[in-house]
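Just below is one structure, and these are the notes that go with it.
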Amino acid sequence: MYRYDEFDYQFVRDRTAQFADQARRRLAGELTEDEFRPLRLMNGLYLQLHAYMLRIAIPYGTLSSRQMRQLAMIARRWDKNYGHFTTRQNIQFNWIKLEDTPEILAALADVEMHAIQTSGNCIRNVTTDQWAGAAADEIADPRPVAELIRQWSSLHPEFSYLPRKFKIAVTGAPNDRAAVKVHDIGLRLHKNDKGEAGWEVIVGGGLGRTPLIGVTVREFLPQHELIAYLEAIMRVYNLYGRRDNKYKARIKILVHELGPEKFRAEVEAEYARRPKQETEVEERELARIAAYFAPPQFERLPRWSPRFEEARLANPAFARWVRTNVAAHFADGYAIANISLKPEGGIPGDATSEQMELVADLAERHSFSEIRVSHAQNLVLPHVKRDDLFDLWQALSGAGLAASNLGLAGDIIACPGLDYCTLATARSIPVAQAISRKFADYDRQQDIGPLKINISGCINACGHHHVGHIGILGLDKKGEEYYQITLGGSSATSASIGQIIGPGFAGHDVPDAIEKILDTYLKHRQPGEEFLAAYRRLGAQPFKEALYAAH
Amino acid sequence: MSITEKGQAMTANRLRDGAVVFFTRSGDWSEAIDAAVLATEPQAARALESRGKDDERATLVTGVYLFDAERRDGHIRALHIRERIRTLGPTVRLDLGKQAEGLGGAFPAENGG
């Protein structure tokens, strides 16, 4: 894992000290709220529905056991003993006091963490594949590049006051688990005909009130040109991006208003103007960073683990968990263990301090002290010996962390919604809980197969509803919550934006509506056909009929 | 159930800890909505808002605003679900927030309450 150098260390310490002084001045009345708000937001401190909320960056979703324990400590000491893992691979604490925040930031700095650039019109935390550095299908670990981008974008003076926030996602695998087509910039590693690896650069994707799939600006960019090229994109955006209307300020609007061809031409012209010698520095820096991400010392193990196979045969509940939650690792004898934070009827993404500590302990014991946060609000132990999976599962089971539903109907993405968020127009979590209970039966979830249900409590789409196979958007109609359903969205390699199926539903009617949609799928599907494929083949009509014919 | 008054109440977040507070009859801030003063005339609402701005300047609270509310059976009920959730805490964690601390409003978040 990446470790801070002296520069990083000092920089975070300085920022923590600066914020402590800013908070003191605010509490003493020396700063007005208008003066203080941008300062606290630059340090991830929002004012939410019930209290301040602190959003802490988890760069590319990678945490050490030590860091996870510190998050658990912060939750226990300064919050209400839990945290919420977000769709941006970050963590949020919901009950923070302004007067405690300097101490919390200092505690974060102790473990090389901070909340910088988790808000504001800057380049936000870079996100990536939660299986990076472990997945069997990966071309290369994308995290060195994610870290390079993080270092480049941290307090970059030219990109600290962009027209709007800016999100970059990176994937090093052909199966996109990082949703690169719905980010401001998405980077996808692939190989050319000569077998060299390079980046497809996708720009102008995004969700929110104007959901759009990004367009490819460069098919194949050599790695050493990456930062220079990103800089050219940022300059074009900084120059032409709209600042008069925040709803039209994201780069996706610029790309789609100019048109991909014109936008590409602008970027290439800017790129051609740049001096080229700078890239050597980046190559050296990338090599330095990459050394931190060298794979851990895997033991040479046989692919076949008798201990694992015996446990799987003897214990059906373990076998179910393996089937859904364990993924293929590139190293023989190892596996990726996914920890669902979606227990039946639970709050998606929430974990108690005790659960965080257990995961930290288990990572230490079984996964080289490494933990990942996924954008689907789950946790991952990326490097577990197959021999150890049964022990791991038993420990997780005892703590309510062994839900066997990864990628199934119960694995619902949901933003905090109106239960916590000041922007929300409706609640998300209760809808997720009701659906989770309705489809709790494992066999039923298995029968339905791979399914992404995503719920947002407002048009800003933190719950990624546009790219849910089934998306649910909570809105306010004259003070009443109601929910619009979209079908056919996907953030995977063949990304698509879901289409609104028809009039919305009251919250208590949503689970039945989902059931009708899924019954329609089960009735019409061909052998082996997943929900999304069936929807794409069938179109909206049979689902519309099922939902609205009787009305 | 009798609605005796309709009007506006004033809320904010306490600056030092962010707690949701309501402006009271005695001119200070309470965590309980039932202590809130209800302005039934536009003029009274404007006066409330002005007091709120003063307390923002005095760094007691931040984010002051008025919201529609009514008095029912001696309790204050916010008209919008968002404000009712603020008087209670998360509907999905009844063990947290005002509702768990004996400071919650008398009405559930959902309509029909």
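Going through the structure tokens in order, the chains are called A, B, and so on, while each chain numbers its residues from 1 and the ligands are numbered from 1 in the order shown.
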- [ ] List every residue of chain B that DSSP, applied to the backbone of this structure, assigns to helix (DSSP H, G or I), and report them as a PyMOL selection string.
- [x] chain B and resi 33-35+42-57+81-88+98-100
Worksheet entry | Contact residues (chain B, partner chain A, 9 Å, only C-alpha atoms) as a ChimeraX atom specification | /B:13-20,56-60,62-63,79-83,85-87,89-93,96-97,110-111
So that I have them on file, write out the residues from the current selection with N, CA and C atoms, as an mmCIF file, in the first residue's frame.
```
data_model
loop_
_atom_site.group_PDB
_atom_site.id
_atom_site.type_symbol
_atom_site.label_atom_id
_atom_site.label_comp_id
_atom_site.auth_asym_id
_atom_site.auth_seq_id
_atom_site.Cartn_x
_atom_site.Cartn_y
_atom_site.Cartn_z
ATOM 1 N N ASN B 13 -29.014 25.196 13.134
ATOM 2 C CA ASN B 13 -28.106 24.235 13.758
ATOM 3 C C ASN B 13 -27.224 24.990 14.748
ATOM 4 N N ARG B 14 -27.053 24.409 15.911
ATOM 5 C CA ARG B 14 -26.158 25.042 16.890
ATOM 6 C C ARG B 14 -24.747 25.000 16.338
ATOM 7 N N LEU B 15 -24.072 26.127 16.413
ATOM 8 C CA LEU B 15 -22.798 26.247 15.711
ATOM 9 C C LEU B 15 -21.764 25.234 16.193
ATOM 10 N N ARG B 16 -21.626 25.098 17.512
ATOM 11 C CA ARG B 16 -20.467 24.338 17.999
ATOM 12 C C ARG B 16 -20.601 22.828 17.764
ATOM 13 N N ASP B 17 -21.851 22.341 17.770
ATOM 14 C CA ASP B 17 -21.997 20.889 17.601
ATOM 15 C C ASP B 17 -22.945 20.492 16.477
ATOM 16 N N GLY B 18 -23.585 21.478 15.845
ATOM 17 C CA GLY B 18 -24.465 21.171 14.715
ATOM 18 C C GLY B 18 -25.848 20.695 15.099
ATOM 19 N N ALA B 19 -26.141 20.576 16.396
ATOM 20 C CA ALA B 19 -27.448 20.050 16.818
ATOM 21 C C ALA B 19 -28.583 20.905 16.269
ATOM 22 N N VAL B 20 -29.667 20.238 15.880
ATOM 23 C CA VAL B 20 -30.853 20.949 15.389
ATOM 24 C C VAL B 20 -31.529 21.626 16.583
ATOM 25 N N GLU B 56 -27.139 34.296 14.686
ATOM 26 C CA GLU B 56 -26.076 33.825 13.776
ATOM 27 C C GLU B 56 -24.842 34.693 13.937
ATOM 28 N N ARG B 57 -25.081 36.000 13.975
ATOM 29 C CA ARG B 57 -23.932 36.923 14.141
ATOM 30 C C ARG B 57 -23.249 36.714 15.482
ATOM 31 N N ALA B 58 -24.058 36.341 16.475
ATOM 32 C CA ALA B 58 -23.496 36.093 17.808
ATOM 33 C C ALA B 58 -22.852 34.704 17.917
ATOM 34 N N THR B 59 -22.759 34.019 16.774
ATOM 35 C CA THR B 59 -22.127 32.688 16.655
ATOM 36 C C THR B 59 -22.746 31.622 17.574
ATOM 37 N N LEU B 60 -24.034 31.790 17.850
ATOM 38 C CA LEU B 60 -24.725 30.732 18.596
ATOM 39 C C LEU B 60 -25.199 29.629 17.660
ATOM 40 N N THR B 62 -26.217 28.495 13.254
ATOM 41 C CA THR B 62 -25.953 28.746 11.841
ATOM 42 C C THR B 62 -27.098 28.146 11.024
ATOM 43 N N GLY B 63 -27.279 28.667 9.819
ATOM 44 C CA GLY B 63 -28.304 28.107 8.921
ATOM 45 C C GLY B 63 -29.719 28.323 9.413
ATOM 46 N N LEU B 79 -44.952 20.811 9.031
ATOM 47 C CA LEU B 79 -45.836 20.330 7.965
ATOM 48 C C LEU B 79 -45.112 19.430 6.979
ATOM 49 N N HIS B 80 -43.825 19.654 6.791
ATOM 50 C CA HIS B 80 -43.095 18.862 5.794
ATOM 51 C C HIS B 80 -42.321 17.733 6.462
ATOM 52 N N ILE B 81 -42.287 16.607 5.792
ATOM 53 C CA ILE B 81 -41.604 15.422 6.346
ATOM 54 C C ILE B 81 -40.141 15.714 6.680
ATOM 55 N N ARG B 82 -39.501 16.519 5.831
ATOM 56 C CA ARG B 82 -38.091 16.829 6.076
ATOM 57 C C ARG B 82 -37.914 17.454 7.468
ATOM 58 N N GLU B 83 -38.802 18.388 7.783
ATOM 59 C CA GLU B 83 -38.683 19.065 9.069
ATOM 60 C C GLU B 83 -39.071 18.137 10.215
ATOM 61 N N ILE B 85 -38.519 14.942 10.262
ATOM 62 C CA ILE B 85 -37.341 14.086 10.494
ATOM 63 C C ILE B 85 -36.289 14.853 11.307
ATOM 64 N N ARG B 86 -36.180 16.145 11.033
ATOM 65 C CA ARG B 86 -35.209 16.942 11.827
ATOM 66 C C ARG B 86 -35.621 17.037 13.305
ATOM 67 N N THR B 87 -36.927 16.953 13.576
ATOM 68 C CA THR B 87 -37.354 17.030 14.986
ATOM 69 C C THR B 87 -37.197 15.699 15.703
ATOM 70 N N GLY B 89 -34.900 12.664 14.305
ATOM 71 C CA GLY B 89 -33.721 11.839 14.033
ATOM 72 C C GLY B 89 -34.066 10.921 12.875
ATOM 73 N N PRO B 90 -33.111 10.089 12.431
ATOM 74 C CA PRO B 90 -33.357 9.223 11.269
ATOM 75 C C PRO B 90 -34.515 8.258 11.537
ATOM 76 N N THR B 91 -35.396 8.091 10.554
ATOM 77 C CA THR B 91 -36.516 7.150 10.735
ATOM 78 C C THR B 91 -36.027 5.707 10.740
ATOM 79 N N VAL B 92 -34.796 5.509 10.293
ATOM 80 C CA VAL B 92 -34.259 4.145 10.205
ATOM 81 C C VAL B 92 -33.361 3.802 11.396
ATOM 82 N N ARG B 93 -33.179 4.762 12.301
ATOM 83 C CA ARG B 93 -32.398 4.509 13.517
ATOM 84 C C ARG B 93 -33.125 5.191 14.684
ATOM 85 N N LEU B 96 -31.349 6.662 17.726
ATOM 86 C CA LEU B 96 -30.445 7.808 17.598
ATOM 87 C C LEU B 96 -31.222 9.111 17.454
ATOM 88 N N GLY B 97 -30.590 10.186 17.846
ATOM 89 C CA GLY B 97 -31.155 11.510 17.630
ATOM 90 C C GLY B 97 -32.129 11.903 18.734
ATOM 91 N N GLU B 110 -43.782 10.158 9.004
ATOM 92 C CA GLU B 110 -44.719 9.854 7.926
ATOM 93 C C GLU B 110 -46.009 10.635 8.102
ATOM 94 N N ASN B 111 -46.648 10.926 6.999
ATOM 95 C CA ASN B 111 -47.944 11.583 7.066
ATOM 96 C C ASN B 111 -48.981 10.656 7.669
#
```
Tell me which protein, DNA and RNA residues are within 10 Å of stretch 25-41 of chain B, counting only C-alpha atoms, leaving out same-chain ones fewer than 3 positions away, and put them as number ranges by chain. B: 5-14, 19-22, 44-48, 51-52, 55, 60-61, 66-71, 74-78, 84, 86-88, 98-99, 101-106
One number please: atom CA of A:Ile455 to atom CA of A:Leu379, in Å, one decimal.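 So the answer is 19.1 Å.
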- All residues 6 Å or closer to stretch 139-142 of chain A, only C-alpha atoms, same chain fewer than 6 positions away omitted, as a ChimeraX atom specification: /A:132-133,171-173
